[in-house]
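A.B. asks: File follows, my_file_2.txt with compact mmCIF, C-alpha atoms:
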# COMPACT_ATOMS: atom_id res chain seq x y z
CA MET J 1 53.01 3.69 -31.09
CA ALA J 2 50.97 1.36 -28.89
CA SER J 3 52.79 -1.72 -27.61
CA THR J 4 51.73 -5.10 -29.01
CA LEU J 5 53.81 -7.16 -26.55
CA PRO J 6 51.87 -9.72 -24.51
CA PRO J 7 51.27 -8.93 -20.84
CA THR J 8 53.93 -9.81 -18.28
CA VAL J 9 53.27 -12.00 -15.25
CA LYS J 10 53.40 -8.90 -13.07
CA GLU J 11 50.79 -7.18 -15.22
CA LEU J 12 48.56 -10.25 -15.12
CA LYS J 13 48.81 -10.42 -11.34
CA LYS J 14 47.97 -6.74 -11.02
CA GLU J 15 44.91 -7.08 -13.25
CA LEU J 16 43.77 -10.23 -11.43
CA HIS J 17 44.11 -8.44 -8.09
CA ARG J 18 41.95 -5.60 -9.42
CA LEU J 19 39.25 -7.97 -10.65
CA VAL J 20 39.17 -10.07 -7.46
CA THR J 21 38.89 -6.90 -5.37
CA ALA J 22 35.98 -5.73 -7.54
CA ILE J 23 34.26 -9.12 -7.23
CA LEU J 24 34.63 -9.24 -3.43
CA ASP J 25 33.44 -5.65 -3.05
CA GLU J 26 30.18 -6.32 -4.93
CA GLU J 27 27.43 -8.50 -3.45
CA ASP J 28 26.03 -9.08 -6.95
CA CYS J 29 29.13 -8.96 -9.14
CA SER J 30 28.67 -8.97 -12.89
CA LEU J 31 29.52 -11.92 -15.11
CA GLU J 32 31.90 -9.65 -16.97
CA PHE J 33 34.19 -9.43 -13.91
CA LEU J 34 34.01 -13.18 -13.37
CA ASP J 35 34.78 -13.94 -17.01
CA GLU J 36 37.79 -11.63 -17.07
CA ALA J 37 39.13 -13.20 -13.89
CA VAL J 38 38.74 -16.69 -15.41
CA LYS J 39 40.56 -15.61 -18.56
CA ILE J 40 43.51 -14.32 -16.56
CA LEU J 41 43.62 -17.52 -14.50
CA ASN J 42 43.70 -19.46 -17.77
CA ALA J 43 46.56 -17.29 -18.93
CA PHE J 44 48.53 -18.17 -15.81
CA MET J 45 47.85 -21.86 -16.41
CA GLN J 46 49.10 -21.66 -19.98
CA PHE J 47 52.25 -19.94 -18.80
CA LYS J 48 52.84 -22.57 -16.10
CA LEU J 49 52.41 -25.32 -18.69
CA GLY J 50 55.19 -23.79 -20.72
CA ASP J 51 53.34 -21.98 -23.50
CA SER J 52 55.41 -19.39 -25.29
CA PHE J 53 54.80 -16.13 -23.45
CA ASN J 54 55.04 -14.13 -26.66
CA SER J 55 52.05 -15.99 -28.02
CA LEU J 56 50.12 -15.98 -24.74
CA LYS J 57 46.47 -15.04 -25.26
CA LEU J 58 43.71 -14.63 -22.76
CA VAL J 59 41.56 -17.42 -24.14
CA GLU J 60 38.55 -18.95 -22.53
CA ASP J 61 38.59 -22.62 -21.58
CA VAL J 62 35.31 -23.77 -20.11
CA ASN J 63 37.04 -26.89 -18.73
CA VAL J 64 39.38 -24.93 -16.46
CA VAL J 65 37.73 -24.35 -13.09
CA PRO J 66 38.98 -21.24 -11.27
CA ASN J 67 41.08 -22.19 -8.27
CA ASP J 68 38.89 -20.16 -5.94
CA PHE J 69 36.00 -22.44 -6.89
CA LYS J 70 37.91 -25.62 -6.03
CA CYS J 71 37.95 -27.14 -2.57
CA PRO J 72 41.51 -26.95 -1.09
CA ILE J 73 41.06 -30.49 0.26
CA SER J 74 39.55 -32.36 -2.69
CA GLY J 75 40.66 -30.09 -5.54
CA GLU J 76 37.20 -30.47 -7.07
CA LEU J 77 34.59 -27.84 -7.94
CA MET J 78 32.75 -27.08 -4.71
CA SER J 79 29.06 -27.99 -4.61
CA ASP J 80 28.38 -26.57 -1.15
CA PRO J 81 31.07 -24.06 -0.15
CA VAL J 82 31.30 -23.26 3.56
CA VAL J 83 33.58 -20.93 5.47
CA ILE J 84 35.23 -22.00 8.73
CA SER J 85 36.24 -19.79 11.64
CA SER J 86 39.70 -19.19 10.13
CA GLY J 87 38.06 -17.58 7.10
CA GLN J 88 39.06 -20.36 4.66
CA THR J 89 36.39 -21.77 2.34
CA TYR J 90 36.00 -25.53 1.76
CA ASP J 91 33.42 -27.86 0.27
CA ARG J 92 31.13 -29.06 3.05
CA VAL J 93 31.49 -32.73 2.20
CA SER J 94 35.28 -32.49 2.47
CA ILE J 95 35.00 -30.85 5.90
CA GLN J 96 32.66 -33.55 7.15
CA GLU J 97 34.74 -36.44 5.79
CA ASN J 98 38.26 -35.32 6.78
CA ASP J 99 40.06 -36.65 9.85
CA ASP J 100 41.87 -33.48 10.92
CA GLY J 101 39.24 -32.12 13.31
CA LEU J 102 37.89 -29.56 10.87
CA SER J 103 34.49 -31.20 10.99
CA GLU J 104 34.19 -30.03 14.61
CA THR J 105 34.87 -26.37 13.89
CA VAL J 106 32.40 -23.57 13.15
CA ILE J 107 31.18 -23.81 9.56
CA ILE J 108 28.78 -21.45 7.82
CA PRO J 109 27.50 -21.55 4.23
CA ASN J 110 29.51 -19.23 1.98
CA PHE J 111 26.59 -17.89 -0.04
CA LEU J 112 28.74 -15.41 -1.96
CA VAL J 113 31.08 -18.09 -3.34
CA ARG J 114 28.13 -20.42 -3.95
CA GLU J 115 26.46 -17.73 -6.07
CA MET J 116 29.70 -17.06 -8.00
CA ILE J 117 30.11 -20.79 -8.73
CA SER J 118 26.50 -21.05 -9.85
CA ARG J 119 26.92 -18.13 -12.24
CA TRP J 120 30.20 -19.48 -13.60
CA CYS J 121 28.67 -22.91 -14.22
CA LYS J 122 25.66 -21.41 -15.97
CA GLU J 123 27.79 -19.15 -18.16
CA HIS J 124 30.18 -21.95 -19.17
CA GLY J 125 27.65 -24.74 -19.62
CA VAL J 126 29.02 -26.72 -16.68
CA GLU J 127 26.60 -28.77 -14.62
CA LEU J 128 26.55 -27.57 -11.04
CA PRO J 129 27.26 -30.49 -8.70
CA ASN J 130 24.45 -31.41 -6.34
CA PRO J 131 25.33 -30.54 -2.75
CA ALA J 132 25.47 -33.40 -0.31
CA SER J 133 22.31 -33.80 1.73
CA HIS J 134 22.53 -32.64 5.34
CA PRO J 135 19.74 -32.25 7.89
CA ASP J 136 21.02 -29.00 9.37
CA ASP J 137 22.23 -26.35 6.95
CA ASN J 138 24.43 -24.77 9.62
CA VAL J 139 25.58 -27.94 11.39
CA THR J 140 24.70 -26.63 14.87
CA ILE J 141 22.94 -23.58 16.25
CA ASP J 142 25.82 -23.05 18.67
CA ALA J 143 28.27 -22.87 15.78
CA ASN J 144 26.10 -20.30 14.06
CA ARG J 145 25.81 -18.27 17.23
CA SER J 146 29.56 -18.29 17.74
CA PHE J 147 30.25 -17.21 14.18
CA LEU J 148 27.65 -14.42 14.27
CA ASN J 149 29.05 -13.19 17.57
CA SER J 150 32.47 -12.97 15.97
CA LEU J 151 31.05 -10.89 13.12
CA ILE J 152 29.25 -8.54 15.50
CA ASP J 153 32.44 -8.18 17.54
CA LYS J 154 34.19 -7.25 14.30
CA LEU J 155 31.74 -4.37 13.92
CA SER J 156 33.42 -2.81 16.96
CA SER J 157 36.78 -2.81 15.17
CA SER J 158 38.66 0.44 14.96
CA THR J 159 39.05 0.07 11.20
CA LEU J 160 36.22 0.95 8.84
CA SER J 161 37.25 -1.78 6.40
CA ASP J 162 36.71 -4.45 9.09
CA GLN J 163 33.32 -2.98 9.94
CA ILE J 164 32.23 -2.91 6.31
CA ASP J 165 33.45 -6.47 5.76
CA ALA J 166 31.52 -7.74 8.80
CA SER J 167 28.41 -5.76 7.87
CA LYS J 168 28.47 -7.17 4.34
CA GLN J 169 28.70 -10.74 5.66
CA LEU J 170 25.84 -10.10 8.07
CA ARG J 171 23.78 -8.61 5.27
CA VAL J 172 24.30 -11.67 3.07
CA LEU J 173 23.76 -14.18 5.88
CA THR J 174 20.54 -12.57 7.07
CA LYS J 175 19.26 -12.47 3.50
CA LYS J 176 20.11 -16.05 2.56
CA ASN J 177 19.67 -17.88 5.85
CA PRO J 178 16.42 -17.50 7.86
CA LYS J 179 18.00 -19.22 10.89
CA THR J 180 20.55 -16.43 11.11
CA ARG J 181 17.74 -13.89 11.62
CA ILE J 182 16.36 -15.83 14.57
CA ILE J 183 19.77 -16.27 16.19
CA LEU J 184 20.64 -12.58 15.91
CA GLY J 185 17.35 -11.75 17.62
CA GLU J 186 18.23 -14.15 20.44
CA LEU J 187 21.82 -13.02 21.00
CA THR J 188 22.37 -11.02 24.17
CA MET J 189 22.50 -7.36 23.13
CA GLY J 190 22.71 -8.66 19.54
CA ILE J 191 20.56 -5.94 17.96
CA THR J 192 22.22 -3.18 19.99
CA ARG J 193 25.73 -4.36 19.08
CA LEU J 194 24.68 -4.66 15.44
CA VAL J 195 23.65 -1.02 15.11
CA LEU J 196 26.15 0.64 17.47
CA PRO J 197 28.49 1.62 14.61
CA LEU J 198 25.64 3.70 13.14
CA ALA J 199 24.61 5.12 16.50
CA ASN J 200 28.17 6.25 17.16
CA SER J 201 28.75 7.95 13.80
CA ASP J 202 27.27 10.95 12.03
CA PRO J 203 24.17 10.01 10.00
CA GLY J 204 25.11 9.17 6.43
CA SER J 205 28.85 9.52 7.03
CA GLN J 206 29.52 5.87 6.18
CA PRO J 207 27.10 5.05 3.33
CA ASP J 208 28.32 1.49 2.66
CA LEU J 209 28.23 0.54 6.32
CA GLN J 210 24.82 2.18 6.71
CA GLU J 211 23.36 0.37 3.69
CA ASN J 212 24.62 -3.03 4.85
CA LEU J 213 23.40 -2.69 8.43
CA ILE J 214 20.02 -1.19 7.53
CA THR J 215 19.49 -4.09 5.12
CA ALA J 216 20.50 -6.54 7.87
CA ILE J 217 17.94 -4.89 10.19
CA LEU J 218 15.29 -5.33 7.51
CA ASN J 219 16.14 -9.01 7.16
CA ILE J 220 16.21 -9.60 10.92
CA SER J 221 12.79 -7.95 11.22
CA ILE J 222 11.10 -10.52 8.97
CA PRO J 223 10.42 -13.27 11.57
CA ASP J 224 7.40 -12.46 13.75
CA GLU J 225 9.33 -13.36 16.90
CA ASN J 226 11.85 -10.62 16.15
CA LYS J 227 9.51 -7.73 15.37
CA ALA J 228 8.95 -6.53 18.94
CA ILE J 229 12.59 -7.15 19.88
CA VAL J 230 13.82 -4.96 17.03
CA ALA J 231 11.21 -2.19 17.29
CA GLU J 232 11.51 -1.82 21.06
CA ASN J 233 15.28 -1.41 20.94
CA PRO J 234 15.81 2.33 21.66
CA LEU J 235 18.48 2.66 18.96
CA ILE J 236 16.45 1.26 16.08
CA MET J 237 13.89 4.00 15.37
CA PRO J 238 16.41 6.90 15.28
CA ILE J 239 18.75 4.87 13.09
CA LEU J 240 16.01 3.92 10.63
CA ILE J 241 14.78 7.52 10.50
CA ASP J 242 18.34 8.74 9.84
CA ALA J 243 18.55 6.20 7.01
CA LEU J 244 15.30 7.53 5.51
CA GLU J 245 16.60 11.08 5.65
CA VAL J 246 20.26 10.85 4.59
CA GLY J 247 20.90 7.37 3.21
CA ASN J 248 21.41 6.55 -0.43
CA MET J 249 18.29 5.48 -2.30
CA GLU J 250 18.90 1.78 -1.67
CA THR J 251 19.30 2.45 2.05
CA ARG J 252 16.18 4.62 2.16
CA SER J 253 14.15 1.97 0.39
CA ASN J 254 15.32 -0.74 2.78
CA ALA J 255 14.66 1.45 5.81
CA ALA J 256 11.10 2.04 4.59
CA ALA J 257 10.72 -1.70 4.01
CA ALA J 258 11.94 -2.30 7.56
CA PHE J 259 9.22 0.01 8.91
CA PHE J 260 6.69 -1.89 6.79
CA THR J 261 7.85 -5.24 8.14
CA LEU J 262 7.99 -4.07 11.74
CA SER J 263 4.53 -2.50 11.54
CA ALA J 264 2.93 -5.88 10.91
CA ILE J 265 2.17 -6.16 14.64
CA ASP J 266 -0.19 -3.70 16.31
CA SER J 267 2.05 -2.64 19.19
CA ASN J 268 4.76 -1.64 16.74
CA LYS J 269 2.31 0.44 14.69
CA ILE J 270 1.77 2.75 17.66
CA LEU J 271 5.46 2.81 18.56
CA ILE J 272 6.50 3.74 15.03
CA GLY J 273 3.71 6.30 14.73
CA LYS J 274 5.08 8.16 17.74
CA SER J 275 8.70 7.90 16.60
CA GLY J 276 8.65 10.64 13.96
CA ALA J 277 8.90 8.19 11.07
CA PHE J 278 5.89 9.52 9.16
CA LYS J 279 7.54 12.69 7.90
CA PRO J 280 10.55 11.07 6.19
CA LEU J 281 8.34 8.26 4.87
CA ILE J 282 6.03 10.81 3.26
CA VAL J 283 8.99 12.69 1.80
CA LEU J 284 10.25 9.42 0.32
CA VAL J 285 6.87 8.82 -1.32
CA GLY J 286 7.15 12.20 -3.01
CA LYS J 287 10.84 12.20 -3.93
CA GLY J 288 11.98 8.58 -3.99
CA ASN J 289 12.38 6.38 -7.01
CA GLN J 290 9.64 3.89 -7.90
CA ARG J 291 10.82 1.17 -5.55
CA ALA J 292 11.57 3.48 -2.62
CA ALA J 293 8.27 5.31 -2.98
CA LYS J 294 6.41 2.01 -3.07
CA ASP J 295 8.17 0.73 0.06
CA ALA J 296 7.39 3.98 1.87
CA ALA J 297 3.74 3.89 0.77
CA ALA J 298 3.44 0.29 1.99
CA ALA J 299 4.83 1.29 5.38
CA ILE J 300 2.43 4.24 5.66
CA TYR J 301 -0.53 2.04 4.73
CA ASN J 302 0.38 -0.53 7.39
CA LEU J 303 0.85 2.18 10.00
CA CYS J 304 -2.48 3.83 9.15
CA ILE J 305 -4.38 0.64 9.82
CA ALA J 306 -4.08 1.88 13.40
CA THR J 307 -6.57 4.77 13.54
CA GLU J 308 -4.36 6.56 16.06
CA ASN J 309 -1.79 7.10 13.33
CA ARG J 310 -4.07 8.53 10.67
CA GLU J 311 -4.24 12.02 12.07
CA ILE J 312 -0.45 12.03 12.40
CA ALA J 313 -0.10 11.08 8.73
CA VAL J 314 -2.53 13.82 7.69
CA HIS J 315 -0.77 16.39 9.90
CA GLU J 316 2.58 15.52 8.27
CA GLY J 317 1.17 16.22 4.80
CA ALA J 318 0.56 12.71 3.50
CA VAL J 319 -2.60 13.56 1.53
CA ARG J 320 -1.11 16.50 -0.37
CA VAL J 321 2.03 14.57 -1.34
CA MET J 322 0.16 11.42 -2.30
CA PHE J 323 -2.58 13.16 -4.27
CA ARG J 324 0.00 14.95 -6.39
CA LYS J 325 1.91 11.73 -6.94
CA MET J 326 -1.27 9.93 -7.89
CA LEU J 327 -2.12 12.59 -10.46
CA ASP J 328 1.24 11.86 -12.08
CA GLY J 329 0.04 8.29 -12.58
CA ILE J 330 2.51 6.85 -10.08
CA LEU J 331 1.48 4.11 -7.61
CA VAL J 332 -2.17 4.95 -8.21
CA ASP J 333 -3.50 1.75 -6.61
CA GLU J 334 -1.43 2.12 -3.46
CA LEU J 335 -1.83 5.85 -2.95
CA THR J 336 -5.58 6.06 -3.55
CA THR J 337 -6.07 3.33 -0.98
CA ILE J 338 -4.19 5.37 1.61
CA ILE J 339 -5.90 8.65 0.71
CA ALA J 340 -9.27 6.92 1.08
CA MET J 341 -8.26 5.97 4.63
CA LEU J 342 -7.37 9.59 5.47
CA ALA J 343 -10.03 11.47 3.51
CA ASN J 344 -12.40 12.20 6.42
CA TYR J 345 -10.00 14.51 8.26
CA PRO J 346 -10.65 18.26 7.83
CA GLN J 347 -7.02 19.00 6.93
CA ALA J 348 -7.08 16.28 4.26
CA ILE J 349 -10.26 17.70 2.74
CA ALA J 350 -8.90 21.25 2.80
CA GLU J 351 -5.72 20.18 1.03
CA MET J 352 -7.60 18.24 -1.63
CA LEU J 353 -9.90 21.19 -2.30
CA GLU J 354 -6.82 23.35 -2.77
CA LEU J 355 -5.59 20.84 -5.32
CA ASN J 356 -8.93 20.97 -7.21
CA ALA J 357 -9.54 17.34 -6.25
CA ILE J 358 -13.21 17.27 -7.35
CA TYR J 359 -12.28 17.96 -10.97
CA TYR J 360 -9.57 15.28 -11.00
CA LEU J 361 -11.59 12.68 -9.10
CA LEU J 362 -14.55 12.99 -11.46
CA ARG J 363 -12.24 12.75 -14.46
CA LEU J 364 -10.50 9.72 -12.99
CA LEU J 365 -13.84 8.07 -12.28
CA ARG J 366 -14.93 8.69 -15.85
CA TYR J 367 -11.95 6.96 -17.45
CA GLU J 368 -10.71 4.48 -14.83
CA ASN J 369 -11.25 0.79 -15.64
CA THR J 370 -10.04 -0.74 -12.39
CA ALA J 371 -12.88 -1.47 -9.96
CA HIS J 372 -10.61 -1.09 -6.92
CA ASN J 373 -9.44 2.36 -7.96
CA LYS J 374 -12.96 3.48 -8.84
CA GLU J 375 -14.08 2.46 -5.39
CA ASN J 376 -11.33 4.50 -3.74
CA PHE J 377 -12.04 7.54 -5.94
CA VAL J 378 -15.72 7.58 -4.98
CA VAL J 379 -14.87 6.99 -1.30
CA ILE J 380 -12.66 10.09 -1.38
CA LEU J 381 -15.33 12.03 -3.30
CA TYR J 382 -17.98 11.01 -0.76
CA ALA J 383 -15.79 12.20 2.14
CA ILE J 384 -15.32 15.59 0.50
CA CYS J 385 -19.05 15.96 -0.22
CA LEU J 386 -19.91 14.96 3.34
CA ASN J 387 -17.83 17.80 4.72
CA GLU J 388 -18.18 20.36 1.93
CA ARG J 389 -21.61 20.33 0.23
CA SER J 390 -20.72 23.27 -2.01
CA VAL J 391 -18.93 20.85 -4.33
CA LEU J 392 -22.23 19.17 -5.25
CA SER J 393 -22.79 21.66 -8.06
CA ASN J 394 -19.64 20.36 -9.77
CA ILE J 395 -20.85 16.81 -9.39
CA ARG J 396 -24.27 17.70 -10.78
CA ASN J 397 -22.64 19.10 -13.90
CA GLU J 398 -20.70 15.84 -14.26
CA GLU J 399 -23.88 13.82 -13.84
CA ASN J 400 -25.76 15.84 -16.43
CA ALA J 401 -22.99 15.38 -18.94
CA TYR J 402 -21.74 11.83 -18.30
CA GLN J 403 -23.85 10.11 -15.58
CA THR J 404 -20.57 9.15 -13.96
CA ILE J 405 -21.94 8.63 -10.45
CA SER J 406 -25.12 6.91 -11.67
CA LYS J 407 -23.10 4.38 -13.64
CA LEU J 408 -21.02 3.62 -10.58
CA ALA J 409 -24.13 3.22 -8.44
CA LYS J 410 -25.27 0.57 -10.90
CA ASP J 411 -22.08 -1.26 -11.82
CA GLY J 412 -19.55 -0.55 -9.06
CA SER J 413 -18.41 -2.71 -6.17
CA LEU J 414 -20.68 -2.99 -3.15
CA ARG J 415 -18.83 -0.26 -1.30
CA ALA J 416 -18.62 1.94 -4.39
CA LYS J 417 -22.39 1.55 -4.96
CA ARG J 418 -23.13 2.68 -1.40
CA LYS J 419 -20.98 5.78 -1.71
CA ALA J 420 -22.31 6.63 -5.17
CA GLU J 421 -25.90 6.23 -3.99
CA GLY J 422 -25.16 8.50 -1.04
CA ILE J 423 -23.83 11.21 -3.35
CA LEU J 424 -26.87 10.87 -5.61
CA LYS J 425 -29.20 11.32 -2.61
CA TRP J 426 -27.39 14.53 -1.69
CA LEU J 427 -27.81 15.72 -5.26
CA ASP J 428 -31.58 14.99 -5.08
CA LYS J 429 -31.92 16.81 -1.78
CA ALA J 430 -30.02 19.78 -3.16
CA VAL J 431 -32.44 19.92 -6.10
CA VAL J 432 -35.45 19.78 -3.74
CA LEU J 433 -34.03 22.53 -1.58
CA THR J 434 -33.42 24.66 -4.66
CA ASP J 435 -36.99 24.10 -5.89
CA THR J 436 -38.54 25.07 -2.54
CA THR J 437 -36.57 28.25 -2.07
Have the structure of the file written as structure tokens, please.
C.D. replies:
Amino acid sequence: MASTLPPTVKELKKELHRLVTAILDEEDCSLEFLDEAVKILNAFMQFKLGDSFNSLKLVEDVNVVPNDFKCPISGELMSDPVVISSGQTYDRVSIQENDDGLSETVIIPNFLVREMISRWCKEHGVELPNPASHPDDNVTIDANRSFLNSLIDKLSSSTLSDQIDASKQLRVLTKKNPKTRIILGELTMGITRLVLPLANSDPGSQPDLQENLITAILNISIPDENKAIVAENPLIMPILIDALEVGNMETRSNAAAAFFTLSAIDSNKILIGKSGAFKPLIVLVGKGNQRAAKDAAAAIYNLCIATENREIAVHEGAVRVMFRKMLDGILVDELTTIIAMLANYPQAIAEMLELNAIYYLLRLLRYENTAHNKENFVVILYAICLNERSVLSNIRNEENAYQTISKLAKDGSLRAKRKAEGILKWLDKAVVLTDTT
């Protein structure tokens, strides 16, 4: 028979420990975990106030603020939680107003606790206090630099738990605080020290650590002043490629996004093109989920803006993979744009002919309503016709039945009209040649 006795203090503590661990281990913890933790804290409060333990219930009291959300100095709900070098979290205003020297220590916004407080307030109908105004969100750049150095040093710890903890903090800081990205780019050997744990371990052997650090690299790569610093570091390309090949899907997506961000400057386009990144990016387009495939396609597009990279992309099988994906109706806008960039290469044309591209392109042109996609379809069709005139008979049959190309020559975009008119001229010449032979 199941017990109906209320939980003991020991049981409550055990459950609270489990919930707090779950909350701290998740960057985006669910409200369910937070609510359960609040209920248990309320239960402790009722017990301390002398409620009968036999009648103790885990009831919700929206007026009871969890202790972890209160400033240890003021006892009030924190409006702007910050963490000091000791690891303790306080409300910023209390740190700045106290007389114990804490205002001179390193303080960094505690974005994780701030997010938890915001969610708790929203869920319980409590108005979130307005943070005190302050001109510098991190107090001083030197304080930030010191704190970030301490986190990077922690990455060299012999314990995996310390490394994961430091990597998670760096991931959150670089996401929430743009100044952190700049400082990490400026730190002496900062990028190298950041990724050394991945360079010194087998690819994919530490998935949590890999995901956190790859995401931090992505965030650090956002400022223009960091792009060359990150891309030219000899450890970065191999580590990002490893992430594309063996990381979990979140890691692969963020690695692809990092290549996209880094490839915004021309010098990096060439560097990445020579690194061997195209192959795993193309594989991710074909086998990744929607988000990962889109990130990979965006990176490939950026890289192929540099004409030197287009032949590499074709050689690695980009056209075959993307054409098949496009036929499945996935990322049609993105993939047709890239295929149109690559369509002039003989290997690309050969692969599309193998895939019966003429049939599909004509069908797509017939039913597509998006002007941008129509333009790309006819650009690809024009490239095939230019290099393989034998396909004109298929196009003539389409014209006789539906006037697909003629309609595009009349109503398409400027570029689409030019390509459609070119195809129609070839059709006319083919008819003349047939009549004179």
A.B. asks: Quick one, how far is CA of Gly190 in chain J from CA of Glu225 in chain J?
C.D. replies: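 One can read the CA of Gly190 in chain J to CA of Glu225 in chain J distance as 14.4 Å.
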A.B. asks: Between CA of Thr404 in chain J and CA of Asn356 in chain J, measure the distance and give it in Å to one decimal.
C.D. replies: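 According to the coordinates, CA of Thr404 in chain J and CA of Asn356 in chain J are separated by 17.9 Å.
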A.B. asks: Taking into account only C-alpha atoms, which residue in the set J:Ile380, J:Ala306, J:Pro280, J:Glu388 is nearest to Phe323 in chain J?
C.D. replies: J:Ile380
A.B. asks: Could you check the closest approach to Ile183 in chain J for each of J:Leu213, J:Asn397, J:Asn149, J:Asp208 and tell me which residue wins, using all atoms listed in the file?
C.D. replies: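 Closest to Ile183 in chain J of all the choices is J:Asn149.
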A.B. asks: Quick check, in Å to one decimal: how far apart do CA of Gly247 in chain J and CA of Asn110 in chain J lie?
C.D. replies: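 Atom-to-atom, CA of Gly247 in chain J to CA of Asn110 in chain J, that is 28.0 Å.
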A.B. asks: Closest to Ile282 in chain J among J:Asn268, J:Ser157, J:Val321, J:Gly75, using only C-alpha atoms?
C.D. replies: J:Val321
A.B. asks: For Ala313 in chain J, work out the shell of residues within 9 Å, counting only C-alpha atoms and skipping chain neighbours fewer than 5 positions away, then give it as a PyMOL selection string.
C.D. replies: chain J and resi 273+278-279+282+300+304+318-319+342
A.B. asks: Rebuild all heavy atoms on range 151-156 of chain J, as a PDB file, in the coordinates of the input?
C.D. replies:
ATOM      1  N   LEU J 151      31.283 -11.950  14.099  1.00  0.00           N
ATOM      2  CA  LEU J 151      31.050 -10.890  13.120  1.00  0.00           C
ATOM      3  C   LEU J 151      30.595  -9.597  13.811  1.00  0.00           C
ATOM      4  O   LEU J 151      31.035  -8.497  13.444  1.00  0.00           O
ATOM      5  CB  LEU J 151      29.990 -11.330  12.108  1.00  0.00           C
ATOM      6  CG  LEU J 151      30.400 -12.383  11.077  1.00  0.00           C
ATOM      7  CD1 LEU J 151      29.224 -12.734  10.183  1.00  0.00           C
ATOM      8  CD2 LEU J 151      31.571 -11.885  10.229  1.00  0.00           C
ATOM      9  N   ILE J 152      29.715  -9.735  14.791  1.00  0.00           N
ATOM     10  CA  ILE J 152      29.250  -8.540  15.500  1.00  0.00           C
ATOM     11  C   ILE J 152      30.393  -7.909  16.279  1.00  0.00           C
ATOM     12  O   ILE J 152      30.504  -6.678  16.349  1.00  0.00           O
ATOM     13  CB  ILE J 152      28.070  -8.907  16.435  1.00  0.00           C
ATOM     14  CG1 ILE J 152      26.855  -9.312  15.593  1.00  0.00           C
ATOM     15  CG2 ILE J 152      27.705  -7.725  17.325  1.00  0.00           C
ATOM     16  CD1 ILE J 152      25.653  -9.720  16.411  1.00  0.00           C
ATOM     17  N   ASP J 153      31.270  -8.735  16.857  1.00  0.00           N
ATOM     18  CA  ASP J 153      32.440  -8.180  17.540  1.00  0.00           C
ATOM     19  C   ASP J 153      33.314  -7.401  16.552  1.00  0.00           C
ATOM     20  O   ASP J 153      33.905  -6.374  16.900  1.00  0.00           O
ATOM     21  CB  ASP J 153      33.267  -9.313  18.161  1.00  0.00           C
ATOM     22  CG  ASP J 153      32.597  -9.910  19.391  1.00  0.00           C
ATOM     23  OD1 ASP J 153      31.697  -9.245  19.961  1.00  0.00           O
ATOM     24  OD2 ASP J 153      32.948 -11.042  19.762  1.00  0.00           O
ATOM     25  N   LYS J 154      33.385  -7.911  15.333  1.00  0.00           N
ATOM     26  CA  LYS J 154      34.190  -7.250  14.300  1.00  0.00           C
ATOM     27  C   LYS J 154      33.638  -5.869  13.958  1.00  0.00           C
ATOM     28  O   LYS J 154      34.373  -4.982  13.515  1.00  0.00           O
ATOM     29  CB  LYS J 154      34.248  -8.131  13.065  1.00  0.00           C
ATOM     30  CG  LYS J 154      35.345  -7.762  12.073  1.00  0.00           C
ATOM     31  CD  LYS J 154      35.398  -8.793  10.942  1.00  0.00           C
ATOM     32  CE  LYS J 154      36.467  -8.422   9.929  1.00  0.00           C
ATOM     33  NZ  LYS J 154      36.508  -9.407   8.803  1.00  0.00           N
ATOM     34  N   LEU J 155      32.333  -5.681  14.163  1.00  0.00           N
ATOM     35  CA  LEU J 155      31.740  -4.370  13.920  1.00  0.00           C
ATOM     36  C   LEU J 155      32.278  -3.306  14.860  1.00  0.00           C
ATOM     37  O   LEU J 155      32.166  -2.110  14.590  1.00  0.00           O
ATOM     38  CB  LEU J 155      30.212  -4.442  14.064  1.00  0.00           C
ATOM     39  CG  LEU J 155      29.437  -5.155  12.953  1.00  0.00           C
ATOM     40  CD1 LEU J 155      27.974  -5.272  13.334  1.00  0.00           C
ATOM     41  CD2 LEU J 155      29.579  -4.414  11.632  1.00  0.00           C
ATOM     42  N   SER J 156      32.838  -3.749  15.987  1.00  0.00           N
ATOM     43  CA  SER J 156      33.420  -2.810  16.960  1.00  0.00           C
ATOM     44  C   SER J 156      34.878  -2.505  16.658  1.00  0.00           C
ATOM     45  O   SER J 156      35.533  -1.801  17.420  1.00  0.00           O
ATOM     46  CB  SER J 156      33.300  -3.380  18.376  1.00  0.00           C
ATOM     47  OG  SER J 156      31.949  -3.641  18.700  1.00  0.00           O
TER      48      SER J 156
END
